[in-house]
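Undergrad: Okay, so here is run_38.cif, and as you'll see once you scroll down, it has mmCIF, C-alpha atoms.
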data_structure
loop_
_atom_site.label_atom_id
_atom_site.label_comp_id
_atom_site.auth_asym_id
_atom_site.auth_seq_id
_atom_site.Cartn_x
_atom_site.Cartn_y
_atom_site.Cartn_z
CA MET A 1 132.16 117.18 98.09
CA ALA A 2 130.62 115.73 101.25
CA LYS A 3 127.01 114.63 101.13
CA ARG A 4 124.57 116.74 103.09
CA SER A 5 122.70 115.03 105.87
CA GLY A 6 121.05 115.79 109.19
CA PRO A 7 118.65 118.76 109.31
CA THR A 8 118.99 119.51 105.59
CA CYS A 9 117.94 115.96 104.66
CA ARG A 10 114.98 116.08 107.06
CA VAL A 11 113.80 119.42 105.70
CA ARG A 12 113.96 118.07 102.16
CA GLU A 13 111.93 115.00 103.09
CA LEU A 14 109.30 117.10 104.84
CA ARG A 15 109.05 119.38 101.81
CA ALA A 16 108.74 116.36 99.52
CA GLU A 17 105.98 114.92 101.73
CA ARG A 18 104.14 118.24 101.67
CA ALA A 19 104.50 118.46 97.87
CA ARG A 20 103.14 114.92 97.47
CA TRP A 21 100.16 115.76 99.64
CA LYS A 22 99.42 118.91 97.62
CA ALA A 23 99.64 116.93 94.39
CA ASP A 24 97.29 114.27 95.81
CA MET A 25 94.77 116.92 96.84
CA GLU A 26 94.91 118.65 93.44
CA ARG A 27 94.37 115.31 91.71
CA PHE A 28 91.49 114.50 94.07
CA LYS A 29 89.81 117.83 93.33
CA ALA A 30 90.18 117.35 89.57
CA GLU A 31 88.82 113.78 89.76
CA SER A 32 85.94 114.97 91.95
CA ARG A 33 84.94 117.65 89.45
CA ALA A 34 85.09 115.13 86.60
CA ALA A 35 83.03 112.62 88.62
CA ARG A 36 80.34 115.21 89.37
CA ARG A 37 80.06 116.17 85.70
CA SER A 38 79.86 112.57 84.46
CA GLY A 39 77.79 111.15 87.32
CA ARG A 40 80.47 108.61 88.30
CA PRO A 41 81.13 107.65 91.95
CA MET A 42 83.25 110.15 93.85
CA PRO A 43 86.94 109.19 94.21
CA GLU A 44 88.49 108.35 97.56
CA ASN A 45 89.66 111.39 99.49
CA PRO A 46 93.34 110.93 100.40
CA GLY A 47 93.00 113.41 103.26
CA PRO A 48 95.84 115.40 104.79
CA PRO A 49 98.96 113.53 105.90
CA PRO A 50 99.01 112.72 109.64
CA THR A 51 101.04 115.09 111.79
CA GLY A 52 101.84 115.67 115.44
CA PHE A 53 98.70 117.82 115.75
CA ALA A 54 96.69 114.59 115.88
CA LEU A 55 98.43 113.65 119.16
CA LEU A 56 98.39 117.05 120.84
CA PRO A 57 94.90 116.71 122.42
CA TRP A 58 96.16 113.86 124.60
CA LEU A 59 98.16 116.39 126.59
CA LEU A 60 94.86 117.21 128.29
CA MET A 61 95.58 114.17 130.48
CA GLY A 62 98.09 116.38 132.25
CA LEU A 63 95.51 118.99 133.26
CA GLY A 64 95.17 117.41 136.71
CA SER A 65 98.85 118.03 137.42
CA PHE A 66 98.60 121.55 136.07
CA SER A 67 95.56 122.20 138.29
CA ASN A 68 97.50 121.02 141.35
CA LEU A 69 100.24 123.49 140.52
CA LEU A 70 97.79 126.38 140.18
CA GLN A 71 96.01 125.49 143.45
CA GLY A 72 99.27 125.19 145.38
CA LYS A 73 98.72 121.51 146.19
CA THR A 74 102.16 120.54 144.84
CA GLU A 75 105.28 120.69 147.01
CA GLN A 76 108.09 122.71 145.50
CA PRO A 77 105.84 123.89 142.65
CA TRP A 78 108.71 125.40 140.69
CA ILE A 79 110.25 121.93 140.29
CA GLY A 80 106.88 120.54 139.23
CA GLY A 81 106.38 123.42 136.81
CA LEU A 82 109.79 122.89 135.24
CA GLY A 83 109.11 119.15 135.02
CA LEU A 84 105.71 119.76 133.39
CA LEU A 85 107.25 122.19 130.91
CA ALA A 86 110.05 119.74 130.10
CA PHE A 87 107.64 116.83 129.64
CA ASN A 88 105.28 118.79 127.36
CA SER A 89 108.19 120.16 125.30
CA LEU A 90 109.71 116.71 124.83
CA TYR A 91 106.30 115.21 124.03
CA ILE A 92 105.63 117.79 121.32
CA TYR A 93 109.15 117.39 119.91
CA VAL A 94 108.90 113.59 119.75
CA THR A 95 105.37 113.33 118.35
CA PHE A 96 105.92 115.88 115.61
CA ARG A 97 108.96 113.92 114.45
CA ALA A 98 107.15 110.57 114.54
CA PHE A 99 105.40 110.89 111.16
CA THR A 100 108.48 111.00 108.93
CA LYS A 101 110.71 107.94 108.79
CA VAL A 102 113.98 109.88 108.67
CA THR A 103 113.19 112.02 111.69
CA ARG A 104 111.47 109.16 113.55
CA GLU A 105 114.58 107.01 113.38
CA ALA A 106 117.00 109.85 114.12
CA ARG A 107 119.19 109.56 117.20
CA SER A 108 117.94 112.89 118.54
CA THR A 109 114.35 111.59 118.55
CA ARG A 110 115.32 108.44 120.47
CA LEU A 111 117.34 110.55 122.93
CA ALA A 112 114.39 112.90 123.49
CA LEU A 113 112.15 109.87 124.13
CA ALA A 114 114.63 108.54 126.71
CA LEU A 115 114.76 111.95 128.46
CA MET A 116 110.97 111.99 128.43
CA GLY A 117 111.02 108.64 130.24
CA LEU A 118 113.39 109.98 132.91
CA VAL A 119 111.25 113.09 133.45
CA THR A 120 108.11 110.92 133.71
CA CYS A 121 109.69 108.62 136.30
CA GLY A 122 110.97 111.58 138.31
CA LEU A 123 107.61 113.36 138.39
CA ALA A 124 105.69 110.14 139.14
CA ILE A 125 107.97 109.16 142.04
CA GLY A 126 108.17 112.70 143.38
CA TYR A 127 104.48 113.62 143.29
CA GLY A 128 102.32 110.57 142.53
CA GLY A 129 98.56 111.11 142.09
CA SER A 130 97.60 112.65 138.78
CA TRP A 131 101.29 112.87 137.84
CA LEU A 132 101.23 109.10 137.29
CA TYR A 133 99.11 109.57 134.18
CA PHE A 134 102.15 110.87 132.34
CA PHE A 135 103.04 107.20 131.84
CA PRO A 136 100.21 106.63 129.31
CA LEU A 137 101.37 109.77 127.51
CA LEU A 138 104.89 108.36 127.48
CA GLY A 139 103.46 105.13 126.05
CA LEU A 140 101.65 107.08 123.34
CA ALA A 141 104.88 108.82 122.31
CA THR A 142 106.74 105.50 122.40
CA GLY A 143 104.14 103.85 120.16
CA ALA A 144 104.36 106.74 117.72
CA VAL A 145 108.15 106.51 117.44
CA LEU A 146 108.95 102.81 117.75
CA ARG A 147 107.79 100.52 114.93
CA GLY A 148 108.75 97.01 113.96
CA PRO A 149 110.02 94.06 116.00
CA TRP A 150 111.20 96.11 118.99
CA LEU A 151 107.77 97.60 119.66
CA GLY A 152 106.43 94.62 121.66
CA LYS A 153 109.47 94.40 123.92
CA ALA A 154 109.53 98.17 124.45
CA GLY A 155 105.80 98.20 125.23
CA LEU A 156 106.13 95.42 127.83
CA ALA A 157 109.21 97.04 129.39
CA LEU A 158 107.45 100.40 129.65
CA THR A 159 104.35 98.73 131.15
CA VAL A 160 106.45 97.00 133.82
CA LEU A 161 108.24 100.28 134.59
CA ALA A 162 104.92 102.11 134.94
CA ALA A 163 103.57 99.37 137.22
CA VAL A 164 106.65 99.37 139.48
CA VAL A 165 106.86 103.16 139.81
CA SER A 166 103.09 103.57 140.27
CA SER A 167 102.93 100.86 142.92
CA VAL A 168 105.24 102.93 145.11
CA ARG A 169 102.86 105.90 145.07
CA ALA A 170 99.41 104.48 144.30
CA GLY A 171 99.31 100.86 145.48
CA TRP A 172 96.75 98.80 143.57
CA ASP A 173 95.86 101.77 141.37
CA ALA A 174 99.14 100.98 139.61
CA VAL A 175 97.20 98.33 137.67
CA ASN A 176 95.16 101.03 135.92
CA VAL A 177 98.25 103.09 135.13
CA ALA A 178 100.10 100.05 133.75
CA TYR A 179 97.11 98.97 131.68
CA GLY A 180 96.65 102.48 130.26
CA THR A 181 100.36 102.65 129.43
CA PHE A 182 100.35 99.33 127.58
CA LEU A 183 97.13 100.15 125.74
CA SER A 184 98.25 103.60 124.61
CA THR A 185 101.59 102.23 123.40
CA MET A 186 100.25 99.36 121.32
CA VAL A 187 97.09 101.03 119.98
CA THR A 188 98.95 104.15 118.89
CA ALA A 189 101.59 102.09 117.11
CA ALA A 190 98.93 99.94 115.41
CA ILE A 191 96.86 102.90 114.19
CA LEU A 192 99.82 104.89 112.89
CA SER A 193 101.39 101.83 111.25
CA LEU A 194 98.10 101.03 109.53
CA SER A 195 97.71 104.61 108.34
CA GLU A 196 101.23 104.60 106.98
CA ALA A 197 100.69 101.25 105.27
CA VAL A 198 97.49 102.52 103.61
CA ARG A 199 99.30 105.56 102.26
CA GLU A 200 102.18 103.44 100.99
CA LEU A 201 99.74 101.06 99.29
CA ARG A 202 97.91 103.96 97.67
CA SER A 203 101.21 105.36 96.44
CA ALA A 204 102.28 101.93 95.15
CA ARG A 205 98.94 101.50 93.37
CA GLU A 206 99.34 104.85 91.64
CA GLU A 207 102.90 103.99 90.64
CA LEU A 208 101.80 100.62 89.25
CA ALA A 209 99.03 102.31 87.28
CA ARG A 210 101.52 104.84 85.89
CA GLN A 211 103.93 102.06 84.92
CA ALA A 212 101.13 100.09 83.26
CA VAL A 213 100.16 103.12 81.17
CA GLU A 214 103.80 103.73 80.26
CA LYS A 215 104.30 100.06 79.36
CA GLU A 216 101.22 100.06 77.14
CA ARG A 217 102.34 103.30 75.48
CA MET A 218 105.77 101.79 74.78
CA ARG A 219 104.19 98.60 73.42
CA PHE A 220 101.95 100.49 71.06
CA SER A 221 104.78 102.77 69.90
CA ARG A 222 107.08 99.80 69.34
CA ASP A 223 104.46 97.72 67.51
CA LEU A 224 103.43 100.65 65.33
CA HIS A 225 107.04 101.34 64.37
CA ASP A 226 107.75 97.72 63.50
CA LEU A 227 104.48 97.25 61.60
CA LEU A 228 104.54 100.47 59.57
CA GLY A 229 108.28 100.41 58.95
CA HIS A 230 108.12 96.97 57.37
CA THR A 231 104.80 97.46 55.57
CA LEU A 232 105.73 100.81 54.02
CA SER A 233 109.07 99.43 52.90
CA VAL A 234 107.32 96.53 51.17
CA ILE A 235 104.82 98.89 49.52
CA VAL A 236 107.63 101.14 48.27
CA VAL A 237 109.61 98.20 46.88
CA LYS A 238 106.60 96.66 45.16
CA SER A 239 105.55 100.03 43.77
CA GLU A 240 109.00 100.44 42.22
CA ALA A 241 108.76 96.91 40.81
CA ALA A 242 105.33 97.68 39.33
CA ARG A 243 106.70 100.87 37.75
CA ARG A 244 109.61 98.96 36.20
CA LEU A 245 107.40 96.16 34.90
CA ALA A 246 104.52 98.27 33.55
CA PRO A 247 106.12 99.28 30.19
CA ARG A 248 107.04 95.72 29.17
CA ASP A 249 104.84 93.30 31.20
CA MET A 250 101.52 94.71 32.36
CA ASP A 251 100.36 91.40 33.81
CA ALA A 252 103.42 91.17 36.07
CA ALA A 253 102.92 94.80 37.08
CA LEU A 254 99.31 94.07 37.99
CA VAL A 255 100.51 91.19 40.17
CA GLN A 256 102.69 93.65 42.08
CA VAL A 257 99.80 96.09 42.40
CA THR A 258 97.61 93.29 43.73
CA ASP A 259 100.32 92.48 46.27
CA ILE A 260 100.41 96.15 47.31
CA GLU A 261 96.65 96.06 47.92
CA SER A 262 97.00 92.83 49.92
CA VAL A 263 99.85 94.22 52.00
CA GLY A 264 97.85 97.38 52.70
CA ARG A 265 94.79 95.46 53.83
CA GLN A 266 96.90 93.21 56.03
CA ALA A 267 98.60 96.27 57.53
CA LEU A 268 95.22 97.73 58.48
CA THR A 269 94.27 94.48 60.23
CA GLU A 270 97.59 94.29 62.08
CA ILE A 271 97.36 97.91 63.20
CA ARG A 272 93.89 97.25 64.63
CA GLU A 273 95.26 94.20 66.44
CA ALA A 274 98.22 96.21 67.73
CA VAL A 275 95.89 98.91 69.08
CA THR A 276 93.88 96.34 71.03
CA GLY A 277 96.97 94.38 72.07
CA TYR A 278 95.86 91.06 70.62
CA ARG A 279 98.30 90.71 67.75
CA GLU A 280 99.96 87.30 67.62
CA GLY A 281 102.45 86.77 64.80
CA SER A 282 103.12 83.59 62.86
CA LEU A 283 106.71 82.86 61.84
CA ALA A 284 105.57 80.97 58.73
CA THR A 285 103.53 83.97 57.61
CA GLU A 286 106.44 86.32 58.24
CA LEU A 287 108.75 84.05 56.22
CA ASP A 288 106.35 84.18 53.28
CA ARG A 289 106.18 87.96 53.51
CA ALA A 290 109.95 88.17 53.73
CA ARG A 291 110.31 86.11 50.52
CA SER A 292 107.79 88.36 48.75
CA ALA A 293 109.44 91.61 49.90
CA LEU A 294 112.97 90.46 49.08
CA SER A 295 111.89 89.08 45.71
CA ALA A 296 110.28 92.40 44.81
CA ALA A 297 113.55 94.11 45.76
CA ARG A 298 115.36 91.64 43.44
CA VAL A 299 117.20 89.99 46.32
CA GLU A 300 117.77 86.24 46.03
CA THR A 301 116.25 84.60 49.11
CA VAL A 302 117.27 81.32 50.74
CA VAL A 303 115.14 80.09 53.66
CA GLU A 304 116.03 77.10 55.82
CA ARG A 305 113.97 75.99 58.80
CA SER A 306 114.52 73.06 61.14
CA GLY A 307 113.71 72.00 64.67
CA PRO A 308 110.56 71.37 66.72
CA PRO A 309 107.36 73.44 66.49
CA LEU A 310 107.46 76.72 68.41
CA VAL A 311 104.96 78.15 70.85
CA PRO A 312 103.01 81.19 69.55
CA GLN A 313 104.86 83.65 71.80
CA THR A 314 108.24 82.51 70.51
CA GLU A 315 107.03 82.74 66.91
CA ALA A 316 105.71 86.25 67.56
CA LEU A 317 109.08 87.44 68.90
CA LEU A 318 111.05 85.87 66.07
CA GLY A 319 108.53 87.34 63.61
CA TRP A 320 109.31 90.83 64.92
CA VAL A 321 113.04 90.20 64.50
CA LEU A 322 112.55 88.86 60.97
CA ARG A 323 110.43 91.87 59.99
CA GLU A 324 113.05 94.34 61.22
CA ALA A 325 115.95 92.47 59.64
CA VAL A 326 114.23 92.15 56.26
CA THR A 327 113.16 95.81 56.38
CA ASN A 328 116.80 96.82 56.93
CA VAL A 329 117.91 94.63 54.00
CA VAL A 330 115.30 96.19 51.71
CA ARG A 331 115.80 99.78 52.79
CA HIS A 332 119.48 100.06 53.69
CA SER A 333 121.46 97.48 51.71
CA ASP A 334 122.51 96.81 48.14
CA ALA A 335 122.34 93.09 48.83
CA ALA A 336 121.86 90.56 46.05
CA ARG A 337 121.37 87.57 48.35
CA CYS A 338 119.78 87.06 51.77
CA GLU A 339 119.84 83.88 53.81
CA ILE A 340 117.23 83.25 56.52
CA THR A 341 117.82 80.33 58.87
CA VAL A 342 115.63 79.09 61.73
CA GLU A 343 117.22 76.38 63.88
CA GLY A 344 115.76 74.69 66.93
CA THR A 345 118.20 72.68 69.05
CA GLY A 346 117.51 71.34 72.54
CA ASP A 347 115.85 74.13 74.51
CA LEU A 348 117.05 76.97 72.25
CA VAL A 349 115.83 78.39 68.93
CA ARG A 350 118.01 80.61 66.74
CA LEU A 351 117.01 82.93 63.87
CA THR A 352 119.76 84.23 61.59
CA VAL A 353 119.32 86.73 58.76
CA THR A 354 122.46 87.31 56.68
CA ASP A 355 122.85 89.48 53.58
CA ASP A 356 125.79 90.23 51.28
CA GLY A 357 125.27 93.98 51.26
CA THR A 358 128.19 96.16 50.22
CA GLU A 359 130.13 98.42 52.59
CA GLY A 360 128.08 101.40 51.56
CA GLY A 361 124.75 99.67 51.93
CA ALA A 362 123.55 97.85 55.01
CA ALA A 363 126.73 98.23 57.02
CA THR A 364 124.90 99.48 60.03
CA PRO A 365 121.13 99.84 60.01
CA PRO A 366 120.21 102.83 62.16
CA PRO A 367 119.45 101.74 65.72
CA GLY A 368 116.04 102.33 67.18
CA VAL A 369 115.34 105.38 69.27
CA GLY A 370 113.13 105.16 72.34
CA GLY A 371 112.43 101.44 72.14
CA THR A 372 112.14 101.00 68.34
CA GLY A 373 114.26 99.20 65.75
CA LEU A 374 116.99 96.78 66.76
CA THR A 375 117.30 98.44 70.18
CA GLY A 376 113.65 97.75 70.99
CA LEU A 377 113.98 94.17 69.75
CA THR A 378 117.05 93.65 71.95
CA GLU A 379 114.99 94.75 74.97
CA ARG A 380 112.12 92.44 74.00
CA LEU A 381 114.34 89.39 73.66
CA ALA A 382 116.27 90.18 76.84
CA ALA A 383 112.96 90.33 78.74
CA ALA A 384 112.22 86.79 77.51
CA GLY A 385 115.66 85.45 78.44
CA GLY A 386 117.05 85.68 74.89
CA SER A 387 119.58 87.80 73.06
CA LEU A 388 120.02 89.71 69.80
CA GLU A 389 123.28 90.36 67.93
CA ALA A 390 123.72 92.52 64.83
CA GLY A 391 126.88 93.41 62.94
CA ARG A 392 129.08 92.92 59.90
CA THR A 393 130.16 89.48 58.83
CA PRO A 394 133.77 88.55 57.92
CA ARG A 395 132.70 88.40 54.25
CA GLY A 396 131.43 91.98 54.32
CA GLY A 397 127.69 91.47 54.61
CA PHE A 398 125.43 92.13 57.58
CA ARG A 399 123.99 89.58 59.99
CA VAL A 400 121.21 89.69 62.58
CA ARG A 401 121.05 86.74 64.97
CA ALA A 402 118.37 86.19 67.62
CA GLU A 403 118.32 83.42 70.22
CA LEU A 404 115.40 82.50 72.44
CA PRO A 405 114.56 79.72 74.88
CA LEU A 406 111.81 77.52 73.46
CA GLN A 407 109.44 78.48 76.27
CA THR A 408 109.77 80.84 79.26
CA ALA A 409 107.32 82.53 81.63
CA ASP A 410 108.18 85.98 80.25
CA LEU A 411 107.53 85.27 76.57
CA ALA A 412 103.95 86.60 76.59
CA ASP A 413 104.92 90.02 77.98
CA ALA A 414 107.94 90.30 75.67
CA ALA A 415 105.85 89.40 72.64
CA GLY A 416 103.50 92.30 73.40
CA ARG A 417 100.38 90.32 74.28
CA PRO A 418 98.07 91.51 77.11
#
Can the structure from this file be put into structure tokens for me?

TA:
Amino acid sequence: MAKRSGPTCRVRELRAERARWKADMERFKAESRAARRSGRPMPENPGPPPTGFALLPWLLMGLGSFSNLLQGKTEQPWIGGLGLLAFNSLYIYVTFRAFTKVTREARSTRLALALMGLVTCGLAIGYGGSWLYFFPLLGLATGAVLRGPWLGKAGLALTVLAAVVSSVRAGWDAVNVAYGTFLSTMVTAAILSLSEAVRELRSAREELARQAVEKERMRFSRDLHDLLGHTLSVIVVKSEAARRLAPRDMDAALVQVTDIESVGRQALTEIREAVTGYREGSLATELDRARSALSAARVETVVERSGPPLVPQTEALLGWVLREAVTNVVRHSDAARCEITVEGTGDLVRLTVTDDGTEGGAATPPPGVGGTGLTGLTERLAAAGGSLEAGRTPRGGFRVRAELPLQTADLADAAGRP
């Protein structure tokens, strides 16, 4: 099916612009009411979008020509009347299309502007006098339509044309006409370009604010999932261990209960840090917690670490990966052994968590939904220039492998710090 274009596209853009303006005004009214109730400063009024109505009053410059027609001072008045009607119609058509980029750059708009130039030259050469002041109006329409690198050349060319044509009919008064033409062209273009830039900046600011809120919401959701998922799994495992140990070894059961209390307190601290965005993980601490959780789940743990010291952001990212991998081993596998390896070589650090879970256990930990779990971790590491792989091993277990550069500019954002 062919794509729709032309008038349909322009109508859609105008409707979208009108809808955006209505939304801006509704938001401004709501913010104004809230500001009045709380005593805060009033928000900035976005105002209505500029339209061709702002340029209509300049047609009053043609009243002198219209007066000459009414007083019979114009030769062949029917030609002058038709010329005046054509000029005004083209002016209105061009200026009303100058405030939307699609219509402003359309071929029909440029053609109407060229016809407007021909009509202006014809009326100025034919009648002179007050008819010469259609050149500044032509400059105003040109400045409204033409933007960018061609504006200066077009403004100079139009000024020279106005000076040459006016000199034939008005002599030295052509200087005033040329100056007015150049001024109206450049000033109109500058004002409208500035107004458009301000609106685009306001729109960009609102979009950046929306993205910042969305990013913070995703960070909090992701951190909360990773923190609670791991912590609750550890509490469940240690509670089961305490229940098993209580009948035959109360002291060992009390050790597990003490660990549950410690894990709970630490979880409260980490959740507070996650809410404020200042949580910074330590890989050594996460390794100790992994040993404790796996031991409580009766999983033999082997930890090997080598390589240079890591920056805090890298440790925080690898800590998230280790938490999620260990949580999956505890919750989803029947593993008896888990190997955790941290290797630093050159400018790369690699974390590998491998278990020997059976086919019915940790074959495939459920992926995260909406930025959680292994999916969320993959996005975090990719943002920092790293990668995450998860899948079955040839021996039948499950392996999670994360690789990160030792230090990159994006580590802080990926780690979830402010």

Undergrad: Decode the PyMOL selection byres ((chain A and resi 305-310) around 10) for the given file into explicit residues and return them as a list of chain:residue names.

TA: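 Applied to this file, the PyMOL selection byres ((chain A and resi 305-310) around 10) selects A:Ser282, A:Leu283, A:Ala284, A:Leu287, A:Val303, A:Glu304, A:Val311, A:Pro312, A:Gln313, A:Thr314, A:Glu315, A:Ala316, A:Ile340, A:Thr341, A:Val342, A:Glu343, A:Gly344, A:Thr345, A:Gly346, A:Asp347, A:Leu348, A:Val349, A:Arg350, A:Leu351, A:Leu406, A:Gln407.
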
Undergrad: Take atom CA of Ser89 of chain A and atom CA of Pro77 of chain A and report the distance between them in Å, one decimal.

TA: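 Computing the Euclidean distance for atom CA of Ser89 of chain A and atom CA of Pro77 of chain A yields 17.9 Å.
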
Undergrad: Which value, in Å to one decimal, gives the distance between atom CA of Val213 of chain A and atom CA of Ala30 of chain A?

TA: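 Pair atom CA of Val213 of chain A / atom CA of Ala30 of chain A returns 19.3 Å.
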
Undergrad: Give as JSON, numbers by chain the residues that the PyMOL selection byres ((chain A and resi 137-140) around 9) matches when applied to the coordinates above.

TA: {"A": [55, 58, 59, 61, 62, 91, 95, 113, 116, 117, 120, 133, 134, 135, 136, 141, 142, 143, 144, 145, 155, 158, 159, 180, 181, 182, 183, 184, 185, 186, 187, 188, 189]}

Undergrad: Measure the distance from atom CA of Arg289 of chain A to atom CA of Ala267 of chain A in Å and round it to one decimal.

TA: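 Interatomic distance, atom CA of Arg289 of chain A to atom CA of Ala267 of chain A: 11.9 Å.
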
Undergrad: Restricting the calculation to only C-alpha atoms: of A:Ala335, A:Val119, A:Leu111, A:Ala253, which residue gets closest to Phe87 of chain A?

TA: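 When distances to Phe87 of chain A are compared using only C-alpha atoms, the smallest one comes from A:Val119.
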
Undergrad: Compile the contact shell of Arg298 of chain A as a list in words: residues with an atom at most 12 Å away, counting only C-alpha atoms, same-chain residues fewer than 5 positions apart removed.

TA: Val237, Lys238, Glu240, Ala241, Arg244, Arg291, Ser292, Ala293, Val329, Val330, Ser333, Asp334, Ala335, Ala336, Arg337 and Cys338 of chain A

Undergrad: Taking (103.4, 120.2, 145.7) in the file's coordinates, which residues come within 12 Å, counting all atoms listed in the file, written as an MDAnalysis selection string?

TA: chainID A and resid 65:81 123 126:131

Undergrad: Give me the residues within 8 Å of Arg97 of chain A as number ranges by chain, counting all atoms listed in the file and dropping any in the same chain fewer than 5 places off.

TA: A: 52, 103-104, 109

Undergrad: Determine, counting only C-alpha atoms, which protein, DNA and RNA residues have an atom within 8 Å of an atom of Ala242 of chain A; residues of the same chain fewer than 4 positions away are not included. Present the result as a PDB file with C-alpha atoms, keeping the file's coordinate frame.

TA:
ATOM      1  CA  LYS A 238     106.600  96.660  45.160  1.00  0.00           C
ATOM      2  CA  ALA A 246     104.520  98.270  33.550  1.00  0.00           C
ATOM      3  CA  ALA A 252     103.420  91.170  36.070  1.00  0.00           C
ATOM      4  CA  ALA A 253     102.920  94.800  37.080  1.00  0.00           C
ATOM      5  CA  LEU A 254      99.310  94.070  37.990  1.00  0.00           C
ATOM      6  CA  GLN A 256     102.690  93.650  42.080  1.00  0.00           C
ATOM      7  CA  VAL A 257      99.800  96.090  42.400  1.00  0.00           C
TER       8      VAL A 257
END

Undergrad: So which one's closest to Ser167 of chain A, A:Ala204, A:Ala54, A:Leu151, A:Ala124? Using all atoms listed in the file, please.

TA: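 Answer, going by the shortest atom-to-atom distance: A:Ala124.
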
Undergrad: Which residues fall under the PyMOL selection byres ((chain A and resi 168) around 12) in this file, as a list in words?

TA: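 For this structure, the PyMOL selection byres ((chain A and resi 168) around 12) resolves to Cys121, Ala124, Ile125, Gly126, Tyr127, Gly128, Gly129, Leu132, Leu161, Ala162, Ala163, Val164, Val165, Ser166, Ser167, Arg169, Ala170, Gly171, Trp172, Asp173, Ala174 and Val175 of chain A.
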